[in-house]
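Enquirer: Pasting my_file19.pdb here (PDB, C-alpha atoms and all ligand atoms):
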```
ATOM      1  CA  MET R 121       3.702  16.419   1.509
ATOM      2  CA  ASP R 122       3.524  12.783   0.367
ATOM      3  CA  LEU R 123       0.995  10.239   1.627
ATOM      4  CA  ILE R 124       1.199   6.589   2.607
ATOM      5  CA  PHE R 125      -1.984   4.524   2.631
ATOM      6  CA  PHE R 126      -2.212   1.541   4.965
ATOM      7  CA  GLY R 127      -5.010  -1.016   5.143
ATOM      8  CA  ILE R 128      -5.673  -4.691   4.525
ATOM      9  CA  GLN R 129      -6.326  -5.959   1.025
ATOM     10  CA  GLY R 130      -9.901  -5.084   0.144
ATOM     11  CA  SER R 131     -10.018  -2.005   2.371
ATOM     12  CA  GLY R 132     -10.566   0.134  -0.727
ATOM     13  CA  LYS R 133      -7.370   2.149  -0.436
ATOM     14  CA  GLY R 134      -6.544   1.610  -4.121
ATOM     15  CA  THR R 135      -9.887   3.045  -5.203
ATOM     16  CA  GLN R 136      -9.492   6.010  -2.862
ATOM     17  CA  ALA R 137      -5.929   6.550  -4.060
ATOM     18  CA  LYS R 138      -7.106   6.872  -7.664
ATOM     19  CA  LYS R 139      -9.822   9.369  -6.777
ATOM     20  CA  LEU R 140      -7.526  11.466  -4.634
ATOM     21  CA  ALA R 141      -4.702  11.402  -7.175
ATOM     22  CA  ALA R 142      -7.033  12.553  -9.935
ATOM     23  CA  GLU R 143      -8.388  15.453  -7.897
ATOM     24  CA  PHE R 144      -5.264  16.568  -6.037
ATOM     25  CA  GLY R 145      -2.443  15.723  -8.461
ATOM     26  CA  TYR R 146      -0.638  12.892  -6.701
ATOM     27  CA  ASP R 147       1.440  10.313  -8.537
ATOM     28  CA  ILE R 148       0.468   6.903  -7.216
ATOM     29  CA  PHE R 149       3.134   4.356  -6.411
ATOM     30  CA  GLU R 150       1.221   1.114  -6.020
ATOM     31  CA  ALA R 151       3.724  -1.496  -4.882
ATOM     32  CA  GLY R 152       1.571  -4.498  -5.805
ATOM     33  CA  GLY R 153       0.745  -3.031  -9.218
ATOM     34  CA  GLU R 154       4.408  -2.338 -10.000
ATOM     35  CA  LEU R 155       5.308  -5.879  -8.998
ATOM     36  CA  ARG R 156       2.476  -7.360 -11.071
ATOM     37  CA  LYS R 157       3.833  -5.465 -14.107
ATOM     38  CA  ILE R 158       7.277  -6.967 -13.541
ATOM     39  CA  ALA R 159       5.717 -10.412 -13.035
ATOM     40  CA  ALA R 160       3.879 -10.117 -16.358
ATOM     41  CA  SER R 161       7.030  -9.155 -18.275
ATOM     42  CA  GLY R 162       8.109 -12.769 -18.712
ATOM     43  CA  SER R 163      11.715 -11.963 -17.752
ATOM     44  CA  GLU R 164      13.654 -14.107 -15.324
ATOM     45  CA  LEU R 165      13.106 -11.503 -12.623
ATOM     46  CA  GLY R 166       9.417 -11.408 -13.551
ATOM     47  CA  ASN R 167       9.027 -15.148 -13.144
ATOM     48  CA  LEU R 168      10.668 -14.983  -9.749
ATOM     49  CA  VAL R 169       8.444 -12.113  -8.628
ATOM     50  CA  LYS R 170       5.363 -13.971  -9.864
ATOM     51  CA  THR R 171       5.986 -16.940  -7.562
ATOM     52  CA  TYR R 172       5.846 -14.614  -4.548
ATOM     53  CA  VAL R 173       2.890 -12.540  -5.711
ATOM     54  CA  ASP R 174       0.754 -15.558  -6.634
ATOM     55  CA  ALA R 175       1.344 -17.138  -3.232
ATOM     56  CA  GLY R 176       0.618 -13.895  -1.369
ATOM     57  CA  ASN R 177       4.135 -13.642   0.047
ATOM     58  CA  LEU R 178       6.263 -10.509   0.178
ATOM     59  CA  VAL R 179       8.751 -10.356  -2.688
ATOM     60  CA  PRO R 180      12.390 -10.157  -1.590
ATOM     61  CA  HIS R 181      13.466  -6.929   0.047
ATOM     62  CA  GLU R 182      16.091  -5.856  -2.516
ATOM     63  CA  ILE R 183      13.674  -6.196  -5.435
ATOM     64  CA  ILE R 184      10.879  -4.024  -4.054
ATOM     65  CA  MET R 185      13.274  -1.470  -2.553
ATOM     66  CA  GLN R 186      15.040  -1.042  -5.887
ATOM     67  CA  VAL R 187      11.690  -0.414  -7.599
ATOM     68  CA  VAL R 188      10.487   2.127  -5.053
ATOM     69  CA  LYS R 189      13.855   3.860  -4.886
ATOM     70  CA  GLU R 190      13.837   4.431  -8.643
ATOM     71  CA  ALA R 191      10.275   5.691  -8.479
ATOM     72  CA  ILE R 192      11.130   8.201  -5.765
ATOM     73  CA  LEU R 193      14.404   9.445  -7.226
ATOM     74  CA  SER R 194      13.004   9.817 -10.751
ATOM     75  CA  ARG R 195      10.333  12.283  -9.654
ATOM     76  CA  PRO R 196      10.824  16.008  -9.233
ATOM     77  CA  LYS R 197      10.632  17.151  -5.629
ATOM     78  CA  ASP R 198       7.473  19.160  -6.177
ATOM     79  CA  GLN R 199       5.572  16.098  -7.514
ATOM     80  CA  LYS R 200       3.547  14.706  -4.591
ATOM     81  CA  ILE R 201       3.549  10.907  -4.327
ATOM     82  CA  LEU R 202       0.884   8.667  -2.836
ATOM     83  CA  PHE R 203       2.399   5.364  -1.681
ATOM     84  CA  ASP R 204       0.069   2.370  -1.595
ATOM     85  CA  GLY R 205       1.438  -0.919  -0.271
ATOM     86  CA  ILE R 206       4.838   0.142   0.975
ATOM     87  CA  PRO R 207       6.537  -0.097   3.468
ATOM     88  CA  ARG R 208       5.181  -3.501   4.424
ATOM     89  CA  ASP R 209       7.613  -4.616   7.097
ATOM     90  CA  THR R 210      10.056  -2.909   9.444
ATOM     91  CA  ASN R 211      13.062  -3.602   7.179
ATOM     92  CA  GLN R 212      11.323  -1.877   4.295
ATOM     93  CA  MET R 213      10.349   0.931   6.650
ATOM     94  CA  LYS R 214      13.940   1.572   7.625
ATOM     95  CA  ASP R 215      15.161   1.758   4.027
ATOM     96  CA  PHE R 216      12.097   3.674   2.885
ATOM     97  CA  ASP R 217      12.611   6.302   5.586
ATOM     98  CA  ASP R 218      16.275   6.634   4.556
ATOM     99  CA  ILE R 219      15.418   7.066   0.878
ATOM    100  CA  MET R 220      12.732   9.640   1.682
ATOM    101  CA  GLN R 221      15.086  11.515   3.939
ATOM    102  CA  SER R 222      17.853  11.679   1.372
ATOM    103  CA  ALA R 223      15.315  12.822  -1.234
ATOM    104  CA  VAL R 224      14.146  15.477   1.279
ATOM    105  CA  ARG R 225      10.544  14.260   1.095
ATOM    106  CA  ASP R 226       8.132  14.235   4.029
ATOM    107  CA  PHE R 227       4.956  12.185   4.402
ATOM    108  CA  VAL R 228       1.937  11.453   6.557
ATOM    109  CA  VAL R 229       0.050   8.190   6.957
ATOM    110  CA  ILE R 230      -3.620   7.382   6.452
ATOM    111  CA  TYR R 231      -5.107   4.101   7.634
ATOM    112  CA  PHE R 232      -8.196   2.443   6.127
ATOM    113  CA  ASP R 233      -9.748   0.306   8.804
ATOM    114  CA  LEU R 234     -11.788  -2.724   7.684
ATOM    115  CA  ASP R 235     -12.706  -6.038   9.292
ATOM    116  CA  ARG R 236     -11.485  -9.218   7.611
ATOM    117  CA  GLN R 237     -14.904 -10.636   6.799
ATOM    118  CA  THR R 238     -15.957  -7.590   4.781
ATOM    119  CA  ALA R 239     -12.548  -7.542   3.110
ATOM    120  CA  ILE R 240     -12.912 -11.187   2.049
ATOM    121  CA  GLU R 241     -16.300 -10.475   0.452
ATOM    122  CA  ARG R 242     -14.844  -7.543  -1.472
ATOM    123  CA  LEU R 243     -11.811  -9.518  -2.647
ATOM    124  CA  LYS R 244     -14.036 -12.232  -4.067
ATOM    125  CA  GLY R 245     -15.742  -9.591  -6.189
ATOM    126  CA  ARG R 246     -12.429  -8.112  -7.278
ATOM    127  CA  ALA R 247     -10.997 -11.519  -8.226
ATOM    128  CA  SER R 248     -13.737 -12.088 -10.768
ATOM    129  CA  ILE R 249     -13.527  -8.546 -12.185
ATOM    130  CA  GLU R 250      -9.740  -8.193 -12.388
ATOM    131  CA  GLY R 251      -8.821 -11.865 -12.692
ATOM    132  CA  ARG R 252      -6.181 -11.681  -9.993
ATOM    133  CA  ALA R 253      -4.897 -15.130  -9.047
ATOM    134  CA  ASP R 254      -3.941 -14.023  -5.544
ATOM    135  CA  ASP R 255      -7.456 -12.686  -4.845
ATOM    136  CA  ALA R 256      -9.123 -15.880  -6.076
ATOM    137  CA  ASP R 257      -6.900 -18.196  -4.051
ATOM    138  CA  GLU R 258      -8.143 -18.433  -0.473
ATOM    139  CA  GLN R 259      -4.765 -19.529   0.869
ATOM    140  CA  ALA R 260      -3.074 -16.526  -0.731
ATOM    141  CA  VAL R 261      -5.716 -14.173   0.671
ATOM    142  CA  LEU R 262      -5.286 -15.533   4.196
ATOM    143  CA  ARG R 263      -1.522 -15.370   3.840
ATOM    144  CA  ARG R 264      -1.729 -11.679   2.915
ATOM    145  CA  PHE R 265      -3.944 -10.924   5.942
ATOM    146  CA  GLN R 266      -1.494 -12.771   8.148
ATOM    147  CA  ILE R 267       1.449 -10.807   6.758
ATOM    148  CA  PHE R 268      -0.479  -7.596   7.306
ATOM    149  CA  GLU R 269      -1.098  -8.427  10.969
ATOM    150  CA  GLU R 270       2.382  -9.735  11.693
ATOM    151  CA  LYS R 271       4.617  -7.524   9.589
ATOM    152  CA  THR R 272       2.790  -4.448   8.340
ATOM    153  CA  LYS R 273       0.793  -3.504  11.431
ATOM    154  CA  PRO R 274       4.020  -2.956  13.417
ATOM    155  CA  VAL R 275       5.124  -0.451  10.762
ATOM    156  CA  PHE R 276       1.865   1.419  11.176
ATOM    157  CA  ASP R 277       2.190   1.323  14.973
ATOM    158  CA  GLU R 278       5.684   2.780  14.755
ATOM    159  CA  TYR R 279       4.544   5.620  12.484
ATOM    160  CA  LYS R 280       1.740   6.252  14.943
ATOM    161  CA  LYS R 281       4.257   6.571  17.771
ATOM    162  CA  GLN R 282       6.183   9.029  15.644
ATOM    163  CA  GLY R 283       3.052  11.142  15.189
ATOM    164  CA  LYS R 284       2.921  10.528  11.434
ATOM    165  CA  VAL R 285      -0.619   9.095  11.337
ATOM    166  CA  LYS R 286      -2.971  11.788  10.118
ATOM    167  CA  ALA R 287      -6.215   9.763  10.071
ATOM    168  CA  GLU R 288      -7.750   6.350  10.659
ATOM    169  CA  ILE R 289     -10.745   6.061   8.403
ATOM    170  CA  LYS R 290     -13.542   3.541   8.835
ATOM    171  CA  ALA R 291     -13.626   1.713   5.500
ATOM    172  CA  ASP R 292     -16.865  -0.297   5.849
ATOM    173  CA  ARG R 293     -18.789   2.457   4.070
ATOM    174  CA  SER R 294     -19.490   3.502   0.513
ATOM    175  CA  VAL R 295     -16.721   4.767  -1.741
ATOM    176  CA  GLU R 296     -18.271   8.246  -1.694
ATOM    177  CA  GLU R 297     -18.605   8.448   2.086
ATOM    178  CA  ILE R 298     -15.018   7.384   2.582
ATOM    179  CA  TYR R 299     -13.813   9.812  -0.060
ATOM    180  CA  GLU R 300     -15.627  12.745   1.581
ATOM    181  CA  GLU R 301     -13.824  12.046   4.839
ATOM    182  CA  LEU R 302     -10.509  11.516   3.080
ATOM    183  CA  LYS R 303     -10.790  14.829   1.283
ATOM    184  CA  LYS R 304     -11.370  16.677   4.549
ATOM    185  CA  VAL R 305      -8.303  15.036   6.018
ATOM    186  CA  VAL R 306      -6.059  15.853   3.085
ATOM    187  CA  SER R 307      -7.140  19.395   2.327
TER     188      SER R 307
HETATM  189  P1  LIG N 401      -1.366  -5.869  -3.198
HETATM  190  O1  LIG N 401      -1.754  -5.444  -4.576
HETATM  191  O2  LIG N 401      -0.999  -4.720  -2.313
HETATM  192  O3  LIG N 401      -2.361  -6.803  -2.589
HETATM  193  O4  LIG N 401      -0.008  -6.700  -3.377
HETATM  194  C1  LIG N 401       0.008  -7.866  -4.139
HETATM  195  C2  LIG N 401       1.270  -8.653  -3.887
HETATM  196  O5  LIG N 401       2.412  -7.910  -4.321
HETATM  197  C3  LIG N 401       1.569  -8.976  -2.432
HETATM  198  O6  LIG N 401       0.853 -10.090  -1.971
HETATM  199  C4  LIG N 401       3.067  -9.227  -2.484
HETATM  200  O7  LIG N 401       3.348 -10.484  -3.064
HETATM  201  C5  LIG N 401       3.528  -8.168  -3.462
HETATM  202  N1  LIG N 401       3.853  -6.907  -2.771
HETATM  203  C6  LIG N 401       3.140  -5.745  -2.784
HETATM  204  N2  LIG N 401       3.740  -4.797  -2.059
HETATM  205  C7  LIG N 401       4.880  -5.350  -1.577
HETATM  206  C8  LIG N 401       5.930  -4.876  -0.749
HETATM  207  N3  LIG N 401       5.958  -3.622  -0.269
HETATM  208  N4  LIG N 401       6.940  -5.742  -0.459
HETATM  209  C9  LIG N 401       6.962  -6.996  -0.933
HETATM  210  N5  LIG N 401       5.988  -7.503  -1.706
HETATM  211  C10 LIG N 401       4.955  -6.705  -2.026
END
```
Re-express the file's structure as structure tokens.
Ligand code: AMP

Expert:
Amino acid sequence: MDLIFFGIQGSGKGTQAKKLAAEFGYDIFEAGGELRKIAASGSELGNLVKTYVDAGNLVPHEIIMQVVKEAILSRPKDQKILFDGIPRDTNQMKDFDDIMQSAVRDFVVIYFDLDRQTAIERLKGRASIEGRADDADEQAVLRRFQIFEEKTKPVFDEYKKQGKVKAEIKADRSVEEIYEELKKVVS
């Protein structure tokens, strides 16, 4: 069974994904990370992607769906995947669900719940450690929160209606506390 992590930027889902993947053998598909790699490549596509990522806007639908589709289809069926950062709007959700269905893969959803103020504090710390332009730029941070509320939350709500949400985890705690709860949910 695959997993999808939802949560605002700074909710710690990336950190939890790494811990869980290491212990339970998931491959992580981190949408933002994949797009940052493309942006850093210096290709024409990369330069285009970079303009969206730096501003905190969603990159065009076809680009991200092509990347995730390749990632899904290139993996053997028995390799569990942990999706972080996709699907992010209802269009992506529709195509994502179709790809997963044709690949005969099933998934459940886990939500990391964090208030904006705490998230902003965490992102400031991350910006200086990782040097991410979109974390350092306040406008880009606010834009990403806004997109989460307006576009991504409805995806989560729909999965909830479908009974796919396995847990909603309070993320204003230490990495270890959150991980303990996550492990119970997954195992
Ligand atoms: P994140 O690392 O999840 O904060 O994502 C960083 C940036 O990558 C976002 O602000 C978007 O510009 C882009 N991005 C990540 N995931 C997606 C997605 N599913 N669809 C479109 N753009 C995305």

Enquirer: Please indicate the distance in Å from CA of Pro180 in chain R to CA of Lys273 in chain R, rounded to one decimal place.

Expert: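 Separating CA of Pro180 in chain R from CA of Lys273 in chain R is a distance of 18.7 Å.
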
Enquirer: List the residues matched by the PyMOL selection byres (((chain R and resi 153-167) around 10) and not hetatm) in the displayed structure as a ChimeraX atom specification, ordered by chain and then by residue number.

Expert: /R:149-152,168-174,179,183-184,187-188,204-205,252

Enquirer: When distances are computed from all atoms listed in the file, which of R:Val224, R:Leu262, R:Leu202, R:Leu234 shows the smallest separation from ligand LIG 401 (chain N)?

Expert: R:Leu262

Enquirer: Identify which of the residues R:Arg236, R:Arg293, R:Lys200, R:Lys133 lies closest to ligand LIG 401 (chain N), counting only C-alpha atoms and all ligand atoms when measuring atom-to-atom distances.

Expert: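 That would be R:Lys133, the residue with the smallest distance to ligand LIG 401 (chain N).
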
Enquirer: Taking 6 positions as the minimum chain separation for residues in the same chain, which residues sit within 8 Å of Asn177 in chain R when counting all atoms listed in the file? Answer as an NGL selection string.

Expert: :R and (260 or 263-264 or 267)

Enquirer: Run the PyMOL selection byres (((chain R and resi 265) around 12) and not hetatm) on the file and write out the hits as a PDB file with C-alpha atoms, keeping the file's coordinate frame.

Expert:
```
ATOM      1  CA  GLY R 127      -5.010  -1.016   5.143  1.00  0.00           C
ATOM      2  CA  ILE R 128      -5.673  -4.691   4.525  1.00  0.00           C
ATOM      3  CA  GLN R 129      -6.326  -5.959   1.025  1.00  0.00           C
ATOM      4  CA  GLY R 130      -9.901  -5.084   0.144  1.00  0.00           C
ATOM      5  CA  SER R 131     -10.018  -2.005   2.371  1.00  0.00           C
ATOM      6  CA  GLY R 176       0.618 -13.895  -1.369  1.00  0.00           C
ATOM      7  CA  ASN R 177       4.135 -13.642   0.047  1.00  0.00           C
ATOM      8  CA  LEU R 178       6.263 -10.509   0.178  1.00  0.00           C
ATOM      9  CA  ARG R 208       5.181  -3.501   4.424  1.00  0.00           C
ATOM     10  CA  LEU R 234     -11.788  -2.724   7.684  1.00  0.00           C
ATOM     11  CA  ASP R 235     -12.706  -6.038   9.292  1.00  0.00           C
ATOM     12  CA  ARG R 236     -11.485  -9.218   7.611  1.00  0.00           C
ATOM     13  CA  GLN R 237     -14.904 -10.636   6.799  1.00  0.00           C
ATOM     14  CA  ALA R 239     -12.548  -7.542   3.110  1.00  0.00           C
ATOM     15  CA  ILE R 240     -12.912 -11.187   2.049  1.00  0.00           C
ATOM     16  CA  LEU R 243     -11.811  -9.518  -2.647  1.00  0.00           C
ATOM     17  CA  ASP R 254      -3.941 -14.023  -5.544  1.00  0.00           C
ATOM     18  CA  ASP R 255      -7.456 -12.686  -4.845  1.00  0.00           C
ATOM     19  CA  GLU R 258      -8.143 -18.433  -0.473  1.00  0.00           C
ATOM     20  CA  GLN R 259      -4.765 -19.529   0.869  1.00  0.00           C
ATOM     21  CA  ALA R 260      -3.074 -16.526  -0.731  1.00  0.00           C
ATOM     22  CA  VAL R 261      -5.716 -14.173   0.671  1.00  0.00           C
ATOM     23  CA  LEU R 262      -5.286 -15.533   4.196  1.00  0.00           C
ATOM     24  CA  ARG R 263      -1.522 -15.370   3.840  1.00  0.00           C
ATOM     25  CA  ARG R 264      -1.729 -11.679   2.915  1.00  0.00           C
ATOM     26  CA  GLN R 266      -1.494 -12.771   8.148  1.00  0.00           C
ATOM     27  CA  ILE R 267       1.449 -10.807   6.758  1.00  0.00           C
ATOM     28  CA  PHE R 268      -0.479  -7.596   7.306  1.00  0.00           C
ATOM     29  CA  GLU R 269      -1.098  -8.427  10.969  1.00  0.00           C
ATOM     30  CA  GLU R 270       2.382  -9.735  11.693  1.00  0.00           C
ATOM     31  CA  LYS R 271       4.617  -7.524   9.589  1.00  0.00           C
ATOM     32  CA  THR R 272       2.790  -4.448   8.340  1.00  0.00           C
ATOM     33  CA  LYS R 273       0.793  -3.504  11.431  1.00  0.00           C
TER      34      LYS R 273
END
```

Enquirer: So how far away is atom C6 of ligand LIG 401 (chain N) from CA of Glu300 in chain R, in Å?

Expert: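 Distance reported for this atom pair: 26.7 Å.
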
Enquirer: Can you list what the PyMOL selection byres (((chain R and resi 136) around 10) and not hetatm) grabs from this structure, as a VMD selection string?

Expert: chain R and resid 125 131 to 135 137 to 142 232 295 to 296 298 to 299 302 to 303

Enquirer: Could you please determine the separation between CA of Val229 in chain R and CA of Val285 in chain R in Å, to one decimal place?

Expert: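 So the answer is 4.5 Å.
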
Enquirer: For a quick check of understanding, using only C-alpha atoms, which of R:Asp218, R:Phe144, R:Lys290, R:Gly251 has the smallest distance to Ser307 in chain R?

Expert: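 Using only C-alpha atoms, the shortest distance to Ser307 in chain R belongs to R:Phe144.
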
Enquirer: Kindly list the centre and edge lengths in Å, rounded to one decimal, for the axis-aligned box that covers all listed atoms of ligand LIG 401 (chain N) plus 3 Å on each of its six sides, as JSON.

Expert:
```
{"center_x": 2.3, "center_y": -7.1, "center_z": -2.4, "size_x": 15.3, "size_y": 12.9, "size_z": 10.3}
```

Enquirer: Taking into account all atoms listed in the file, which residue in the set R:Val228, R:Ile124, R:Met185, R:Ala256 is nearest to ligand LIG 401 (chain N)?

Expert: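 Checking each of R:Val228, R:Ile124, R:Met185, R:Ala256 against ligand LIG 401 (chain N), counting all atoms listed in the file, the winner is R:Met185.
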
Enquirer: Counting all atoms listed in the file, which residue out of R:Lys197, R:Lys244, R:Lys286, R:His181 sits closest to ligand LIG 401 (chain N)?

Expert: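 Closest to ligand LIG 401 (chain N) of all the choices is R:His181.
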
Enquirer: Could you tell me which of R:Ser248, R:Gln199, R:Gln186, R:Ser294 comes closest to ligand LIG 401 (chain N) if we count all atoms listed in the file?

Expert: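 Using all atoms listed in the file, the shortest distance to ligand LIG 401 (chain N) belongs to R:Gln186.
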
Enquirer: For Ser222 in chain R, work out the shell of residues within 12 Å, counting only C-alpha atoms and skipping chain neighbours fewer than 6 positions away, then give it as a PyMOL selection string.

Expert: chain R and resi 189+192-193+197+215-216

Enquirer: Output range 286-306 of chain R as an mmCIF file, keeping the file's coordinate frame, making sure N, CA and C atoms are there.

Expert:
```cif
data_model
loop_
_atom_site.group_PDB
_atom_site.id
_atom_site.type_symbol
_atom_site.label_atom_id
_atom_site.label_comp_id
_atom_site.auth_asym_id
_atom_site.auth_seq_id
_atom_site.Cartn_x
_atom_site.Cartn_y
_atom_site.Cartn_z
ATOM 1 N N LYS R 286 -2.093 10.628 10.224
ATOM 2 C CA LYS R 286 -2.971 11.788 10.118
ATOM 3 C C LYS R 286 -4.431 11.401 10.328
ATOM 4 N N ALA R 287 -4.815 10.181 9.916
ATOM 5 C CA ALA R 287 -6.215 9.763 10.071
ATOM 6 C C ALA R 287 -6.345 8.255 10.023
ATOM 7 N N GLU R 288 -7.359 7.757 10.754
ATOM 8 C CA GLU R 288 -7.750 6.350 10.659
ATOM 9 C C GLU R 288 -9.200 6.360 10.235
ATOM 10 N N ILE R 289 -9.429 5.909 9.012
ATOM 11 C CA ILE R 289 -10.745 6.061 8.403
ATOM 12 C C ILE R 289 -11.488 4.728 8.387
ATOM 13 N N LYS R 290 -12.729 4.765 8.848
ATOM 14 C CA LYS R 290 -13.542 3.541 8.835
ATOM 15 C C LYS R 290 -13.913 3.213 7.386
ATOM 16 N N ALA R 291 -13.513 2.024 6.929
ATOM 17 C CA ALA R 291 -13.626 1.713 5.500
ATOM 18 C C ALA R 291 -14.810 0.805 5.169
ATOM 19 N N ASP R 292 -15.703 0.555 6.140
ATOM 20 C CA ASP R 292 -16.865 -0.297 5.849
ATOM 21 C C ASP R 292 -18.047 0.557 5.391
ATOM 22 N N ARG R 293 -17.741 1.562 4.570
ATOM 23 C CA ARG R 293 -18.789 2.457 4.070
ATOM 24 C C ARG R 293 -18.669 2.574 2.561
ATOM 25 N N SER R 294 -19.534 3.379 1.969
ATOM 26 C CA SER R 294 -19.490 3.502 0.513
ATOM 27 C C SER R 294 -18.252 4.275 0.083
ATOM 28 N N VAL R 295 -17.875 4.078 -1.171
ATOM 29 C CA VAL R 295 -16.721 4.767 -1.741
ATOM 30 C C VAL R 295 -16.859 6.278 -1.538
ATOM 31 N N GLU R 296 -18.067 6.797 -1.786
ATOM 32 C CA GLU R 296 -18.271 8.246 -1.694
ATOM 33 C C GLU R 296 -18.134 8.761 -0.269
ATOM 34 N N GLU R 297 -18.704 8.019 0.678
ATOM 35 C CA GLU R 297 -18.605 8.448 2.086
ATOM 36 C C GLU R 297 -17.151 8.486 2.551
ATOM 37 N N ILE R 298 -16.427 7.445 2.181
ATOM 38 C CA ILE R 298 -15.018 7.384 2.582
ATOM 39 C C ILE R 298 -14.251 8.530 1.932
ATOM 40 N N TYR R 299 -14.552 8.769 0.659
ATOM 41 C CA TYR R 299 -13.813 9.812 -0.060
ATOM 42 C C TYR R 299 -14.069 11.193 0.538
ATOM 43 N N GLU R 300 -15.316 11.452 0.951
ATOM 44 C CA GLU R 300 -15.627 12.745 1.581
ATOM 45 C C GLU R 300 -14.754 12.965 2.810
ATOM 46 N N GLU R 301 -14.640 11.916 3.627
ATOM 47 C CA GLU R 301 -13.824 12.046 4.839
ATOM 48 C C GLU R 301 -12.348 12.225 4.472
ATOM 49 N N LEU R 302 -11.905 11.446 3.507
ATOM 50 C CA LEU R 302 -10.509 11.516 3.080
ATOM 51 C C LEU R 302 -10.143 12.915 2.593
ATOM 52 N N LYS R 303 -11.039 13.491 1.829
ATOM 53 C CA LYS R 303 -10.790 14.829 1.283
ATOM 54 C C LYS R 303 -10.623 15.870 2.384
ATOM 55 N N LYS R 304 -11.472 15.736 3.415
ATOM 56 C CA LYS R 304 -11.370 16.677 4.549
ATOM 57 C C LYS R 304 -10.008 16.532 5.235
ATOM 58 N N VAL R 305 -9.567 15.292 5.348
ATOM 59 C CA VAL R 305 -8.303 15.036 6.018
ATOM 60 C C VAL R 305 -7.131 15.626 5.232
ATOM 61 N N VAL R 306 -7.201 15.483 3.918
ATOM 62 C CA VAL R 306 -6.059 15.853 3.085
ATOM 63 C C VAL R 306 -6.005 17.346 2.809
#
```
